[in-house]
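Next comes my_file_18.cif, a file with mmCIF, C-alpha atoms.
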data_work
loop_
_atom_site.label_atom_id
_atom_site.label_comp_id
_atom_site.auth_asym_id
_atom_site.auth_seq_id
_atom_site.Cartn_x
_atom_site.Cartn_y
_atom_site.Cartn_z
CA MET A 1329 107.20 120.09 125.71
CA ASN A 1330 104.19 118.71 127.54
CA ASP A 1331 102.96 115.58 125.79
CA ALA A 1332 99.50 115.34 124.26
CA VAL A 1333 98.17 111.97 125.38
CA ILE A 1334 95.22 109.75 124.50
CA VAL A 1335 93.39 108.77 127.67
CA ASP A 1336 90.65 106.85 125.92
CA ALA A 1337 89.13 106.24 122.50
CA ILE A 1338 85.79 104.61 121.71
CA ARG A 1339 83.43 104.05 118.82
CA THR A 1340 79.96 102.85 118.00
CA PRO A 1341 79.38 99.59 116.17
CA SER A 1342 79.01 100.19 112.45
CA GLY A 1343 75.58 100.38 110.88
CA LYS A 1344 74.68 99.96 107.24
CA GLY A 1345 74.25 103.46 105.83
CA LYS A 1346 70.82 102.93 104.36
CA PRO A 1347 67.22 102.92 105.62
CA GLY A 1348 66.80 99.90 107.85
CA GLY A 1349 70.45 99.85 108.95
CA GLN A 1350 70.85 99.12 112.64
CA LEU A 1351 71.74 102.77 113.49
CA SER A 1352 69.45 104.43 110.94
CA GLY A 1353 66.80 105.13 113.56
CA VAL A 1354 69.14 107.37 115.55
CA HIS A 1355 69.51 111.08 114.77
CA PRO A 1356 73.24 111.77 114.08
CA ALA A 1357 73.46 114.38 116.84
CA ASP A 1358 72.00 111.83 119.28
CA LEU A 1359 74.42 109.18 118.02
CA LEU A 1360 77.41 111.40 118.74
CA ALA A 1361 75.84 112.46 122.06
CA GLN A 1362 75.72 108.82 123.19
CA VAL A 1363 79.43 108.48 122.43
CA LEU A 1364 80.35 111.68 124.27
CA ARG A 1365 78.30 110.64 127.29
CA ALA A 1366 79.93 107.20 127.36
CA LEU A 1367 83.44 108.64 127.02
CA VAL A 1368 83.25 110.87 130.09
CA LYS A 1369 81.30 108.27 132.10
CA ARG A 1370 83.76 105.45 131.66
CA ASN A 1371 86.65 107.75 132.59
CA ASP A 1372 84.79 109.24 135.56
CA LEU A 1373 85.49 112.69 134.14
CA ASP A 1374 83.52 115.79 135.03
CA PRO A 1375 82.45 117.06 131.58
CA ALA A 1376 82.76 120.63 132.86
CA LEU A 1377 86.53 120.15 132.61
CA VAL A 1378 86.40 119.68 128.82
CA ASP A 1379 87.86 122.78 127.13
CA ASP A 1380 86.44 122.00 123.69
CA VAL A 1381 84.81 119.30 121.58
CA ILE A 1382 86.04 119.15 117.98
CA ALA A 1383 83.93 116.99 115.68
CA GLY A 1384 84.48 115.86 112.12
CA CYS A 1385 81.47 115.61 109.83
CA VAL A 1386 81.48 115.62 106.03
CA SER A 1387 77.88 116.08 104.88
CA GLN A 1388 77.03 119.14 106.93
CA THR A 1389 73.47 119.52 105.76
CA GLY A 1390 70.03 118.49 106.96
CA GLN A 1391 70.26 116.72 110.31
CA GLN A 1392 74.04 117.22 110.36
CA THR A 1393 74.04 120.99 109.88
CA MET A 1394 74.14 123.89 112.36
CA ASN A 1395 77.33 122.71 114.14
CA ILE A 1396 76.53 119.11 115.09
CA ALA A 1397 79.37 119.16 117.63
CA ARG A 1398 77.61 121.76 119.77
CA ASN A 1399 74.26 120.01 119.38
CA ALA A 1400 75.78 116.71 120.48
CA VAL A 1401 77.53 118.36 123.45
CA LEU A 1402 74.24 119.74 124.70
CA GLY A 1403 72.42 116.50 123.90
CA ALA A 1404 74.99 114.58 125.93
CA GLY A 1405 74.09 116.66 128.97
CA PHE A 1406 77.43 118.45 129.19
CA PRO A 1407 77.38 121.84 130.92
CA GLU A 1408 76.42 124.72 128.64
CA THR A 1409 79.92 126.13 129.22
CA VAL A 1410 81.47 123.36 127.08
CA PRO A 1411 81.84 124.55 123.47
CA GLY A 1412 81.95 122.50 120.30
CA THR A 1413 82.98 123.07 116.71
CA THR A 1414 82.53 121.03 113.53
CA ILE A 1415 85.20 120.71 110.86
CA ASP A 1416 85.39 119.23 107.37
CA ARG A 1417 88.53 117.76 105.89
CA GLN A 1418 86.41 115.26 103.99
CA CYS A 1419 87.10 111.63 104.97
CA GLY A 1420 89.89 112.73 107.31
CA SER A 1421 87.71 115.15 109.26
CA SER A 1422 87.91 113.46 112.66
CA GLN A 1423 91.58 112.61 112.20
CA GLN A 1424 92.11 116.32 111.64
CA ALA A 1425 89.99 116.93 114.75
CA ALA A 1426 92.45 114.77 116.69
CA HIS A 1427 95.35 116.75 115.21
CA PHE A 1428 93.78 120.06 116.19
CA ALA A 1429 93.02 118.73 119.68
CA ALA A 1430 96.55 117.43 120.27
CA GLN A 1431 98.15 120.52 118.77
CA GLY A 1432 95.99 122.67 121.04
CA VAL A 1433 97.28 120.72 124.04
CA LEU A 1434 100.88 121.04 122.87
CA ALA A 1435 100.40 124.79 122.40
CA GLY A 1436 98.94 125.18 125.88
CA ALA A 1437 95.52 126.24 124.61
CA TYR A 1438 93.78 123.10 125.94
CA ASP A 1439 94.17 120.86 128.96
CA VAL A 1440 91.28 118.49 128.24
CA VAL A 1441 89.68 118.17 124.81
CA ILE A 1442 87.56 115.64 122.93
CA ALA A 1443 88.18 114.88 119.25
CA CYS A 1444 85.31 113.03 117.65
CA GLY A 1445 83.32 112.48 114.48
CA VAL A 1446 79.97 111.31 113.19
CA GLU A 1447 78.26 110.47 109.94
CA SER A 1448 74.77 109.08 109.39
CA MET A 1449 74.85 108.11 105.73
CA SER A 1450 71.41 106.55 106.02
CA ARG A 1451 69.88 109.89 107.03
CA VAL A 1452 72.19 112.32 105.25
CA PRO A 1453 73.31 110.62 102.02
CA MET A 1454 76.70 111.42 100.55
CA PHE A 1455 76.60 114.47 98.23
CA SER A 1456 73.19 115.56 99.55
CA ALA A 1457 74.69 118.92 100.48
CA LEU A 1458 75.31 119.72 96.81
CA GLN A 1459 71.63 119.95 95.81
CA GLY A 1460 72.68 120.10 92.17
CA GLN A 1461 75.13 122.95 92.75
CA ASP A 1462 78.77 123.17 91.63
CA PRO A 1463 81.01 123.68 94.68
CA THR A 1464 84.27 124.25 92.78
CA GLY A 1465 83.87 127.56 90.97
CA SER A 1466 85.09 128.89 87.65
CA ALA A 1467 88.73 129.41 88.69
CA MET A 1468 89.15 125.78 89.61
CA HIS A 1469 87.45 124.72 86.37
CA ALA A 1470 89.92 126.90 84.49
CA ARG A 1471 92.83 125.19 86.22
CA TYR A 1472 91.53 121.66 85.61
CA ARG A 1473 90.02 122.08 82.15
CA ASP A 1474 89.42 118.39 81.57
CA GLY A 1475 87.40 118.24 84.76
CA LEU A 1476 87.85 116.34 88.00
CA ILE A 1477 86.48 112.84 88.47
CA ARG A 1478 84.61 110.70 90.93
CA GLN A 1479 86.54 108.95 93.68
CA GLY A 1480 85.66 105.56 92.24
CA THR A 1481 87.24 106.54 88.93
CA SER A 1482 90.30 107.74 90.84
CA ALA A 1483 90.48 104.31 92.49
CA GLU A 1484 90.36 102.76 89.02
CA LEU A 1485 93.27 104.93 87.87
CA ILE A 1486 95.30 103.91 90.91
CA ALA A 1487 94.59 100.22 90.25
CA ALA A 1488 95.71 100.67 86.64
CA ARG A 1489 98.85 102.65 87.53
CA TRP A 1490 99.98 100.21 90.24
CA LYS A 1491 98.95 97.19 88.14
CA LEU A 1492 96.51 95.86 90.73
CA ASP A 1493 94.28 93.37 88.97
CA ARG A 1494 90.72 92.44 89.94
CA THR A 1495 91.74 89.25 91.73
CA THR A 1496 94.30 91.10 93.86
CA LEU A 1497 91.70 93.70 94.87
CA ASP A 1498 89.08 91.08 95.71
CA GLU A 1499 91.57 88.98 97.67
CA TYR A 1500 92.46 92.04 99.73
CA ALA A 1501 88.78 92.83 100.36
CA ALA A 1502 88.05 89.26 101.43
CA GLN A 1503 91.01 89.43 103.80
CA SER A 1504 89.59 92.62 105.37
CA HIS A 1505 86.34 90.84 106.18
CA ARG A 1506 88.17 87.73 107.41
CA ARG A 1507 90.42 89.71 109.76
CA ALA A 1508 87.50 91.76 111.09
CA ALA A 1509 85.39 88.63 111.62
CA GLU A 1510 88.24 86.90 113.45
CA ALA A 1511 88.82 89.98 115.62
CA THR A 1512 85.11 90.12 116.44
CA ALA A 1513 85.00 86.44 117.38
CA ALA A 1514 88.06 86.89 119.60
CA GLY A 1515 86.47 89.84 121.42
CA ALA A 1516 89.12 92.23 120.13
CA PHE A 1517 86.59 95.06 119.60
CA THR A 1518 84.92 94.72 123.01
CA ASN A 1519 86.92 97.44 124.73
CA GLU A 1520 86.66 99.95 121.90
CA THR A 1521 82.99 99.53 120.98
CA ILE A 1522 80.27 100.97 123.18
CA PRO A 1523 76.65 99.76 123.20
CA ILE A 1524 74.26 102.09 121.39
CA LEU A 1525 70.54 102.42 122.05
CA ALA A 1526 68.61 102.49 118.77
CA PRO A 1527 65.01 101.87 117.76
CA GLY A 1528 64.40 98.71 115.77
CA PRO A 1529 62.08 98.30 112.76
CA ASP A 1530 59.08 98.02 115.10
CA GLY A 1531 60.09 101.13 117.05
CA THR A 1532 61.16 99.18 120.11
CA GLU A 1533 64.46 100.35 121.56
CA ARG A 1534 67.28 97.82 121.40
CA THR A 1535 70.98 97.75 122.27
CA ILE A 1536 73.44 97.54 119.36
CA THR A 1537 76.79 95.95 120.22
CA GLN A 1538 78.34 94.52 117.04
CA ASP A 1539 79.36 95.84 113.64
CA GLU A 1540 76.73 95.33 110.96
CA THR A 1541 79.02 95.69 107.95
CA VAL A 1542 81.36 92.75 108.61
CA ARG A 1543 80.52 89.74 106.42
CA ALA A 1544 82.33 86.68 107.73
CA ASP A 1545 81.31 84.57 104.73
CA THR A 1546 82.95 86.85 102.15
CA THR A 1547 85.27 85.06 99.73
CA THR A 1548 87.29 86.09 96.72
CA GLU A 1549 84.99 83.91 94.62
CA SER A 1550 81.82 85.63 95.84
CA LEU A 1551 83.34 89.07 95.24
CA ALA A 1552 84.32 88.09 91.70
CA ARG A 1553 80.65 87.92 90.74
CA LEU A 1554 80.07 91.64 91.42
CA LYS A 1555 80.01 94.11 88.55
CA PRO A 1556 82.18 97.28 88.37
CA SER A 1557 80.45 100.36 89.76
CA PHE A 1558 81.98 103.38 88.09
CA ARG A 1559 82.18 102.76 84.37
CA ASP A 1560 80.35 105.24 82.16
CA ASP A 1561 80.84 106.25 78.54
CA GLU A 1562 82.56 109.56 79.28
CA ALA A 1563 85.04 108.03 81.75
CA ALA A 1564 85.71 105.11 79.40
CA ARG A 1565 86.51 107.54 76.57
CA ARG A 1566 88.73 109.72 78.73
CA PHE A 1567 90.63 106.88 80.42
CA PRO A 1568 91.03 104.01 77.95
CA GLU A 1569 93.71 102.45 80.17
CA ILE A 1570 91.09 101.50 82.78
CA ASP A 1571 89.65 98.01 82.58
CA TRP A 1572 87.07 98.69 85.36
CA ARG A 1573 87.67 96.56 88.40
CA ILE A 1574 86.26 98.60 91.35
CA THR A 1575 83.06 97.05 92.71
CA PRO A 1576 80.92 97.36 95.86
CA GLY A 1577 82.85 94.40 97.20
CA ASN A 1578 86.33 95.95 97.08
CA SER A 1579 85.10 99.37 98.22
CA SER A 1580 84.03 100.59 101.66
CA PRO A 1581 80.27 100.45 102.28
CA LEU A 1582 78.00 103.37 103.11
CA THR A 1583 78.04 103.45 106.91
CA ASP A 1584 76.55 105.08 110.00
CA GLY A 1585 78.81 105.58 113.01
CA ALA A 1586 80.45 107.86 115.55
CA SER A 1587 83.68 107.79 117.54
CA ALA A 1588 85.60 109.93 120.01
CA ALA A 1589 88.96 110.27 121.75
CA LEU A 1590 89.71 111.92 125.09
CA ILE A 1591 92.94 113.90 124.70
CA THR A 1592 94.71 115.74 127.52
CA SER A 1593 98.09 117.04 128.50
CA ALA A 1594 100.19 114.51 130.40
CA ARG A 1595 100.29 116.89 133.36
CA ARG A 1596 96.51 117.30 133.50
CA ALA A 1597 95.95 113.56 133.19
CA GLN A 1598 98.17 113.01 136.21
CA GLU A 1599 96.34 115.69 138.20
CA LEU A 1600 92.99 114.10 137.40
CA GLY A 1601 94.14 110.56 138.17
CA LEU A 1602 93.70 109.49 134.54
CA THR A 1603 95.99 106.90 132.96
CA PRO A 1604 97.17 107.84 129.45
CA ARG A 1605 97.14 104.96 126.97
CA ALA A 1606 99.22 106.52 124.19
CA ARG A 1607 100.81 109.79 123.16
CA PHE A 1608 100.91 111.66 119.88
CA HIS A 1609 104.35 111.25 118.37
CA GLY A 1610 103.96 112.95 114.99
CA PHE A 1611 101.52 114.59 112.58
CA ALA A 1612 101.35 115.41 108.91
CA VAL A 1613 98.78 116.73 106.47
CA THR A 1614 99.39 117.24 102.79
CA GLY A 1615 97.74 118.05 99.52
CA SER A 1616 98.08 115.79 96.49
CA ASP A 1617 96.91 115.47 92.89
CA PRO A 1618 93.12 116.06 92.95
CA LEU A 1619 92.72 113.71 90.00
CA LEU A 1620 94.49 110.85 91.78
CA MET A 1621 92.92 112.20 94.93
CA LEU A 1622 93.36 109.00 96.94
CA THR A 1623 97.16 108.83 96.76
CA GLY A 1624 97.84 111.53 99.36
CA VAL A 1625 98.37 108.83 101.98
CA ILE A 1626 101.77 108.13 100.44
CA PRO A 1627 103.37 111.59 100.80
CA ALA A 1628 101.54 112.19 104.10
CA THR A 1629 103.06 109.03 105.56
CA LYS A 1630 106.54 109.94 104.33
CA LYS A 1631 106.18 113.41 105.81
CA ALA A 1632 105.01 112.10 109.19
CA LEU A 1633 107.81 109.54 109.35
CA ALA A 1634 110.43 112.15 108.49
CA ARG A 1635 109.15 114.52 111.16
CA ALA A 1636 109.15 111.71 113.74
CA HIS A 1637 112.65 110.53 112.66
CA LEU A 1638 111.29 107.04 112.10
CA GLY A 1639 111.31 104.57 109.22
CA ILE A 1640 108.39 102.47 108.06
CA ASP A 1641 109.93 99.39 109.68
CA ASP A 1642 109.92 101.15 113.06
CA ILE A 1643 106.10 101.20 112.96
CA ASP A 1644 104.41 98.16 114.50
CA ALA A 1645 100.94 98.56 113.00
CA TYR A 1646 99.43 100.63 110.19
CA GLU A 1647 95.81 101.71 109.84
CA VAL A 1648 95.35 102.86 106.24
CA ASN A 1649 91.74 103.69 105.51
CA GLU A 1650 90.25 101.26 103.01
CA ALA A 1651 88.11 103.68 101.03
CA PHE A 1652 88.86 101.39 98.07
CA ALA A 1653 91.16 98.38 98.00
CA PRO A 1654 93.75 100.05 95.67
CA VAL A 1655 94.47 102.74 98.29
CA PRO A 1656 96.17 100.60 100.98
CA LEU A 1657 97.69 98.33 98.33
CA ALA A 1658 99.34 101.21 96.44
CA TRP A 1659 100.43 102.70 99.80
CA GLN A 1660 101.95 99.36 100.81
CA ALA A 1661 103.82 99.05 97.52
CA GLU A 1662 105.26 102.58 97.66
CA LEU A 1663 106.28 102.40 101.32
CA GLY A 1664 107.58 98.83 101.25
CA ALA A 1665 105.34 98.12 104.22
CA ASP A 1666 104.83 94.73 105.83
CA PRO A 1667 101.36 93.46 104.75
CA ALA A 1668 100.96 91.61 108.06
CA LYS A 1669 101.01 94.96 109.89
CA LEU A 1670 98.48 96.59 107.54
CA ASN A 1671 94.97 96.86 109.02
CA PRO A 1672 95.51 93.77 111.19
CA ARG A 1673 91.91 93.81 112.49
CA GLY A 1674 90.41 94.47 109.07
CA GLY A 1675 89.66 97.89 107.65
CA ALA A 1676 86.90 100.06 106.27
CA ILE A 1677 85.92 97.54 103.59
CA ALA A 1678 84.65 95.37 106.46
CA LEU A 1679 84.24 97.76 109.41
CA GLY A 1680 82.66 100.55 107.38
CA HIS A 1681 83.54 104.12 106.50
CA PRO A 1682 81.23 106.58 108.25
CA LEU A 1683 83.00 109.53 106.62
CA GLY A 1684 83.27 112.09 109.42
CA SER A 1685 83.88 109.42 112.07
CA SER A 1686 86.52 107.36 110.30
CA GLY A 1687 89.60 109.20 111.56
CA THR A 1688 88.89 108.70 115.26
CA ARG A 1689 87.60 105.19 114.48
CA LEU A 1690 91.01 104.33 113.04
CA LEU A 1691 92.66 105.86 116.11
CA THR A 1692 90.43 103.85 118.43
CA THR A 1693 91.24 100.56 116.72
CA LEU A 1694 94.96 101.37 116.52
CA VAL A 1695 95.29 102.15 120.23
CA ASN A 1696 93.49 98.96 121.20
CA HIS A 1697 95.54 96.84 118.81
CA LEU A 1698 98.85 98.18 120.14
CA GLU A 1699 97.72 97.48 123.69
CA SER A 1700 96.77 93.90 122.80
CA THR A 1701 100.19 93.21 121.28
CA GLY A 1702 102.33 95.35 123.57
CA GLU A 1703 103.90 97.01 120.55
CA ARG A 1704 105.13 100.60 120.56
CA TYR A 1705 104.40 102.66 117.44
CA GLY A 1706 101.27 102.90 115.31
CA LEU A 1707 100.58 104.94 112.20
CA GLN A 1708 97.23 105.85 110.69
CA THR A 1709 96.56 107.65 107.43
CA ILE A 1710 93.47 108.46 105.44
CA CYS A 1711 92.87 109.74 101.92
CA GLU A 1712 90.56 112.70 101.40
CA SER A 1713 88.48 114.04 98.55
CA GLY A 1714 90.07 116.86 96.61
CA GLY A 1715 93.54 115.38 96.93
CA MET A 1716 94.60 115.53 100.60
CA ALA A 1717 95.60 113.17 103.40
CA ASN A 1718 96.36 113.16 107.10
CA ALA A 1719 98.90 110.91 108.81
CA THR A 1720 99.35 110.41 112.54
CA ILE A 1721 101.95 108.48 114.54
CA ILE A 1722 101.14 107.43 118.10
CA GLU A 1723 103.29 105.76 120.74
CA LEU A 1724 101.88 103.33 123.27
CA LEU A 1725 102.49 104.26 126.88
#
Mind converting the file's structure to structure tokens?
Amino acid sequence: MNDAVIVDAIRTPSGKGKPGGQLSGVHPADLLAQVLRALVKRNDLDPALVDDVIAGCVSQTGQQTMNIARNAVLGAGFPETVPGTTIDRQCGSSQQAAHFAAQGVLAGAYDVVIACGVESMSRVPMFSALQGQDPTGSAMHARYRDGLIRQGTSAELIAARWKLDRTTLDEYAAQSHRRAAEATAAGAFTNETIPILAPGPDGTERTITQDETVRADTTTESLARLKPSFRDDEAARRFPEIDWRITPGNSSPLTDGASAALITSARRAQELGLTPRARFHGFAVTGSDPLLMLTGVIPATKKALARAHLGIDDIDAYEVNEAFAPVPLAWQAELGADPAKLNPRGGAIALGHPLGSSGTRLLTTLVNHLESTGERYGLQTICESGGMANATIIELL
């Protein structure tokens, strides 16, 4: 079977997902357009050769509605013949975009395809698409009579079930910032991060080159002063086992960002004179308990490993999205994974979690890390609202 290969993968620097954040002055379609333009330019690729652009985006409303993939394609100056489609698998949207792109290559439906994602949480706040409406319907309410819960409460339940105390969570969060800060200082993100043009507070255009969400001075002691975010009377009554330990410090921040990966068949890459950096070695997607909606990364990883005929110790680096600190810690405990291999350049707690972009952001960082170490296999997995998760295994070439 013709391999699906990753020719390149890039991302924007992170921006704080609030008014005044360093990317908040950029329309999300323009943000993704800058990434698409940079991707084809640095690979000297004629964009007319792109069969499709598949973009992940979670809050598809306001400035992110009406198929942001197509709007970004046209904004990037691609020929009008290049199509685009936008998908939503919640936080795993752009990881699913990469799955669809690679699977399309393997099936012979694509030769050259871009998987990407974008989220401007400063301009399109999380949950703004709801507008006070219930998206679940009466049948789902009948099935889950006690009602579903917020993701933060789910993170609290995971912390309680896996006996992860507040100090453990804060130590992990501080480590995420420390690793990301060290990687930044060492220039580890230089090849994966593209400069973004964005207006500053005075309206003057400036070039953004570094992540805004990494806090090098974060310590366990400073995080310990933060108050829990998700306690309310109803949740406290329903879940008396929770002692409320999830704070802004051990959670991922609201973030603006975009990312993209150029995916081709191995044959087409050779014809175009492109050098593949990695290949897709395995995929998995699974549903999980929608109450403990963040635990899907565990069965998704096991499924991907089984399909790839690999064990967890065969994997050289793991990118497990840090939506909340209990997620990678519970994953690590269940898989028996080496903590030194887990998010070695820091994770979403430090680098941010721009929902629709996070999947291809993880892929970008994973490819670059494997290249820097010369290691072979990398695995990424991401939890998704509603109780789902994607897992992907790549092999360095």
For this session: Evaluate the PyMOL selection byres ((chain A and resi 1376) around 10) on the structure here and hand back the selected residues as a list in words.
Result: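 Selected by the PyMOL selection byres ((chain A and resi 1376) around 10) in this file: Leu1373, Asp1374, Pro1375, Leu1377, Val1378, Asp1379, Asp1380, Phe1406, Pro1407, Glu1408, Thr1409, Val1410 and Val1440 of chain A.
Considering the residues A:Val1354, A:Asn1399, A:Val1335, A:Gly1390 and counting only C-alpha atoms, Gln1459 of chain A has its shortest atom-to-atom contact with A:Gly1390.
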Exercise. What is the atom CA of Ile1522 of chain A-atom CA of Asp1416 of chain A distance in Å, reported with one decimal?
Worked result: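 These two atoms are separated by 24.7 Å.
Nearest residue to Arg1595 of chain A, choosing from A:Leu1525, A:Val1333, A:Ala1653, A:Leu1485 and counting all atoms listed in the file: A:Val1333.
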For this session: Expand the PyMOL selection byres ((chain A and resi 1681) around 10) into the individual residues it matches in the shown file, reporting them as number ranges by chain.
Result: A: 1342-1345, 1419, 1447, 1449, 1541, 1579-1585, 1649-1651, 1675-1680, 1682-1687, 1689-1690
Distance query Gln1538 of chain A at most 12 Å, all atoms listed in the file, self and fewer than 3 positions along chain excluded, as a PDB file with C-alpha atoms, in the coordinates of the input:
ATOM      1  CA  ARG A1339      83.430 104.050 118.820  1.00  0.00           C
ATOM      2  CA  THR A1340      79.960 102.850 118.000  1.00  0.00           C
ATOM      3  CA  PRO A1341      79.380  99.590 116.170  1.00  0.00           C
ATOM      4  CA  SER A1342      79.010 100.190 112.450  1.00  0.00           C
ATOM      5  CA  GLY A1343      75.580 100.380 110.880  1.00  0.00           C
ATOM      6  CA  LYS A1344      74.680  99.960 107.240  1.00  0.00           C
ATOM      7  CA  GLN A1350      70.850  99.120 112.640  1.00  0.00           C
ATOM      8  CA  LEU A1351      71.740 102.770 113.490  1.00  0.00           C
ATOM      9  CA  ALA A1508      87.500  91.760 111.090  1.00  0.00           C
ATOM     10  CA  ALA A1509      85.390  88.630 111.620  1.00  0.00           C
ATOM     11  CA  ALA A1511      88.820  89.980 115.620  1.00  0.00           C
ATOM     12  CA  THR A1512      85.110  90.120 116.440  1.00  0.00           C
ATOM     13  CA  ALA A1513      85.000  86.440 117.380  1.00  0.00           C
ATOM     14  CA  GLY A1515      86.470  89.840 121.420  1.00  0.00           C
ATOM     15  CA  ALA A1516      89.120  92.230 120.130  1.00  0.00           C
ATOM     16  CA  PHE A1517      86.590  95.060 119.600  1.00  0.00           C
ATOM     17  CA  THR A1518      84.920  94.720 123.010  1.00  0.00           C
ATOM     18  CA  ASN A1519      86.920  97.440 124.730  1.00  0.00           C
ATOM     19  CA  GLU A1520      86.660  99.950 121.900  1.00  0.00           C
ATOM     20  CA  THR A1521      82.990  99.530 120.980  1.00  0.00           C
ATOM     21  CA  ILE A1522      80.270 100.970 123.180  1.00  0.00           C
ATOM     22  CA  PRO A1523      76.650  99.760 123.200  1.00  0.00           C
ATOM     23  CA  ILE A1524      74.260 102.090 121.390  1.00  0.00           C
ATOM     24  CA  THR A1535      70.980  97.750 122.270  1.00  0.00           C
ATOM     25  CA  THR A1541      79.020  95.690 107.950  1.00  0.00           C
ATOM     26  CA  VAL A1542      81.360  92.750 108.610  1.00  0.00           C
ATOM     27  CA  ARG A1543      80.520  89.740 106.420  1.00  0.00           C
ATOM     28  CA  GLY A1585      78.810 105.580 113.010  1.00  0.00           C
ATOM     29  CA  LEU A1679      84.240  97.760 109.410  1.00  0.00           C
TER      30      LEU A1679
END
Exercise. Atom CA of Gln1660 of chain A and atom CA of Leu1620 of chain A, how far apart in Å?
Worked result: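 Atom-to-atom, atom CA of Leu1620 of chain A to atom CA of Gln1660 of chain A, that is 16.4 Å.
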Exercise. Hey, what comes out of the PyMOL selection byres ((chain A and resi 1456) around 12) on this file? Could you write it as a VMD selection string?
Worked result: chain A and resid 1386 to 1393 1448 to 1455 1457 to 1461
Could you write out the selected residues, including C-alpha atoms, as a tab-separated table (two decimals), in the coordinates of the input?
chain	number	residue	atom	x	y	z
A	1386	VAL	CA	81.48	115.62	106.03
A	1387	SER	CA	77.88	116.08	104.88
A	1388	GLN	CA	77.03	119.14	106.93
A	1389	THR	CA	73.47	119.52	105.76
A	1390	GLY	CA	70.03	118.49	106.96
A	1391	GLN	CA	70.26	116.72	110.31
A	1392	GLN	CA	74.04	117.22	110.36
A	1393	THR	CA	74.04	120.99	109.88
A	1448	SER	CA	74.77	109.08	109.39
A	1449	MET	CA	74.85	108.11	105.73
A	1450	SER	CA	71.41	106.55	106.02
A	1451	ARG	CA	69.88	109.89	107.03
A	1452	VAL	CA	72.19	112.32	105.25
A	1453	PRO	CA	73.31	110.62	102.02
A	1454	MET	CA	76.70	111.42	100.55
A	1455	PHE	CA	76.60	114.47	98.23
A	1457	ALA	CA	74.69	118.92	100.48
A	1458	LEU	CA	75.31	119.72	96.81
A	1459	GLN	CA	71.63	119.95	95.81
A	1460	GLY	CA	72.68	120.10	92.17
A	1461	GLN	CA	75.13	122.95	92.75
For this session: Compare A:Gly1601, A:Ala1589, A:Phe1608, A:Asp1498 by their minimum atom-to-atom distance to Ser1550 of chain A, counting only C-alpha atoms, and give me the closest one.
Result: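 The shortest atom-to-atom distance to Ser1550 of chain A comes from A:Asp1498.
The smallest atom-to-atom distance between Lys1631 of chain A and any of A:Gln1431, A:Thr1413, A:Asn1718, A:Thr1548, using all atoms listed in the file, is found for A:Asn1718.
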For this session: Quick one: pull the distance between atom CA of Gly1412 of chain A and atom CA of Ala1443 of chain A, Å, one decimal.
Result: 9.9 Å
For this session: Pick out the residues sitting within 6 Å of Gly1445 of chain A, and hand them over as a PyMOL selection string; count all atoms listed in the file, and ignore anything fewer than 3 positions along from it in its own chain.
Result: chain A and resi 1383-1385+1422+1586-1587+1684-1685
For this session: Excluding Leu1691 of chain A and any residue of its chain fewer than 5 positions from it, enumerate the residues within 8 Å of it, using only C-alpha atoms, and give them as an NGL selection string.
Result: :A and (1337 or 1423 or 1708)
Which residues, written as a PDB file with C-alpha atoms, in the coordinates of the input, have at least one atom at most 6 Å from segment 1609-1613 of chain A, with all atoms listed in the file counted and residues fewer than 4 positions away on the same chain left out?
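The file below, around_34.pdb, is the result:
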ATOM      1  CA  ALA A1628     101.540 112.190 104.100  1.00  0.00           C
ATOM      2  CA  ALA A1632     105.010 112.100 109.190  1.00  0.00           C
ATOM      3  CA  ALA A1636     109.150 111.710 113.740  1.00  0.00           C
ATOM      4  CA  ALA A1717      95.600 113.170 103.400  1.00  0.00           C
ATOM      5  CA  ASN A1718      96.360 113.160 107.100  1.00  0.00           C
ATOM      6  CA  ALA A1719      98.900 110.910 108.810  1.00  0.00           C
ATOM      7  CA  THR A1720      99.350 110.410 112.540  1.00  0.00           C
ATOM      8  CA  ILE A1721     101.950 108.480 114.540  1.00  0.00           C
ATOM      9  CA  ILE A1722     101.140 107.430 118.100  1.00  0.00           C
TER      10      ILE A1722
END
If you take every atom of segment 1683-1695 of chain A that the file lists and fit an axis-aligned box around them with 4 Å extra on each side, what centre and edge lengths come out in Å to one decimal, as AutoDock Vina command-line options?
--center_x 89.1 --center_y 106.3 --center_z 113.4 --size_x 20.3 --size_y 19.5 --size_z 21.6
For this session: Pick out the residues sitting within 9 Å of segment 1486-1492 of chain A, and hand them over as a VMD selection string; count all atoms listed in the file, and ignore anything fewer than 6 positions along from it in its own chain.
Result: chain A and resid 1569 to 1574 1620 1622 to 1623 1653 to 1655 1657 to 1658 1661
